[in-house]
Amino acid sequence: MTTVEQPLPIQPAAPPPDLTLASVQLRQVLAEMHRVVVGQERVLERVLVALLAGGHCLLEGVPGIGKTLTVSTLARTLGGTFARIQFTPDLLPSDIVGTRIYRPSTETFDVELGPVFANFVLTDEINRAPAKVQSALLEVMAEHQVSLGGVTHTLPSPFLVLATQNPIESEGVYPLPEAQRDRFLMRIPVDYPTAEEEHEIVERASHTAASPNGVLSTDDVENLQKAAASVHVDPVVQDYAIRLVLATRHPAEHGVAIDGLLAYGASPRASIGLIHAGRALALMRGRDHLLPQDVYDVAYDVLNHRLVPSFDAIADGVTVDDVLVEVLTTVVAPRLSSSQLSGRAQAMRG
């Protein structure tokens, strides 16, 4: 008897994400966060970009300028769980990821999961813990999982680590190694508020603190991440992002006058990060295609913590910011309008 194989049923294609709705939702999130956080427009936008791109942030700024408030407000606005871990020199890896506990009553080991099992994890003053504790976050950030006793535990989704460090202290701190810094999609400087903003901060402190309302759910956030991943990237724009990264490794080939100023250039994670972060920023701006301007706008945050200055640069007082200014002003962006790239995106989608 001959058996005839039946063809598999054709699965209907998933509907394309509604980018207009996504852009409206993101503006609602920003508006709700501004009810609690005064100013810091760029910081709030970049934190949302990192979340949409599936990356992690390193917030760098002096104490008392709202870094913790920003993260907790984001978690409440998006309906996710929030955990704050204060890094100290006596912290152990098990204090972060969890540990196995022996139960004499049952003569078995139970797993006690650590505080990283939350949607939004704030690691406060990450440079105050030794390297052994800092490295415990490597698997967490890269793989979104924790291995305890040979068993892998998956972290909740969405998952975002926001680490803070104080740039003005040098005693009792452990600088982040380059491998750890490279795991962060962005390093976002957090500056002092303006005079007007500080007046508003003091005025609000005299009254009951505003509490953010939940605007979206974690399911909505995952849909937004999918929408960001669907933003079209033209090969010409991708080439621009890659040339920015290659210019930090081989500056002479790209006409950038920074020879001898960098010990190490940016890694391939930087190229990936420029595209992912640029897509998220394009979505926030209501577009279904990536512009060179989007890549340019996120380039500083994606690249500034991945470059290692040489001894000559340090001796001459040349900073990483100086190098980035030279790279971003020298590497030429493609001259394509938004309408041209939008047409190409429509053609690619058929």
# chains A, B, ... in the order shown; residues from 1 in each chain; ligands from 1

$ select_by_dssp --residues "region 111-327 of chain A" --states "helix (DSSP H, G or I)" --output "ChimeraX atom specification"
/A:126-128,131-143,178-181,195-205,218-229,235-249,251-254,268-284,292-303,311-315,320-327

$ closest_atom_pairs --of "region 71-168 of chain A" --to "region 34-57 of chain A" --cutoff "7 Å" --atoms "only C-alpha atoms" --output "JSON lines"
{"residue": "A:Leu160", "atom": "CA", "partner": "A:His56", "partner_atom": "CA", "distance": 5.6}
{"residue": "A:Val161", "atom": "CA", "partner": "A:His56", "partner_atom": "CA", "distance": 5.1}
{"residue": "A:Leu162", "atom": "CA", "partner": "A:Cys57", "partner_atom": "CA", "distance": 4.8}
{"residue": "A:Ala163", "atom": "CA", "partner": "A:Cys57", "partner_atom": "CA", "distance": 6.3}

$ residues_around --residues "Arg243 (chain A)" --least-positions-apart "4" --cutoff "10 Å" --atoms "only C-alpha atoms" --output "ChimeraX atom specification"
/A:237-239,247-251,254,271,327,331-333

$ atom_distance --atom1 "CA of Thr194 (chain A)" --atom2 "CA of Gly66 (chain A)"
13.4 Å

$ closest_residue --among "A:Pro212, A:Gly98, A:Pro189, A:Pro93" --to "Ser72 (chain A)" --atoms "only C-alpha atoms"
A:Pro212

$ atom_distance --atom1 "CA of Asp259 (chain A)" --atom2 "CA of Thr330 (chain A)"
13.6 Å

$ closest_residue --among "A:Leu185, A:Val302, A:Val62, A:Ala228" --to "Ala280 (chain A)" --atoms "only C-alpha atoms"
A:Ala228

$ closest_residue --among "A:Thr77, A:Ser105, A:Ser206, A:Thr99" --to "His153 (chain A)" --atoms "only C-alpha atoms"
A:Thr99

$ closest_residue --among "A:Val308, A:Val298, A:Ala131, A:Leu341" --to "Val236 (chain A)" --atoms "only C-alpha atoms"
A:Leu341

$ closest_residue --among "A:Ile101, A:Thr106, A:Gln134, A:Asp219" --to "Pro158 (chain A)" --atoms "only C-alpha atoms"
A:Asp219

$ closest_residue --among "A:Lys132, A:Arg269, A:Arg285, A:Arg103" --to "Leu176 (chain A)" --atoms "only C-alpha atoms"
A:Lys132

$ select_by_dssp --residues "region 42-257 of chain A" --states "strand (DSSP E or B)" --output "number ranges by chain"
A: 57-60, 82-86, 98-103, 108-113, 120-124, 145-148, 151-154, 160-165, 186-189, 232

$ residues_around --residues "Thr164 (chain A)" --least-positions-apart "3" --cutoff "10 Å" --atoms "only C-alpha atoms" --output "PyMOL selection string"
chain A and resi 57-63+67-68+86-87+122-127+161+167+187-190
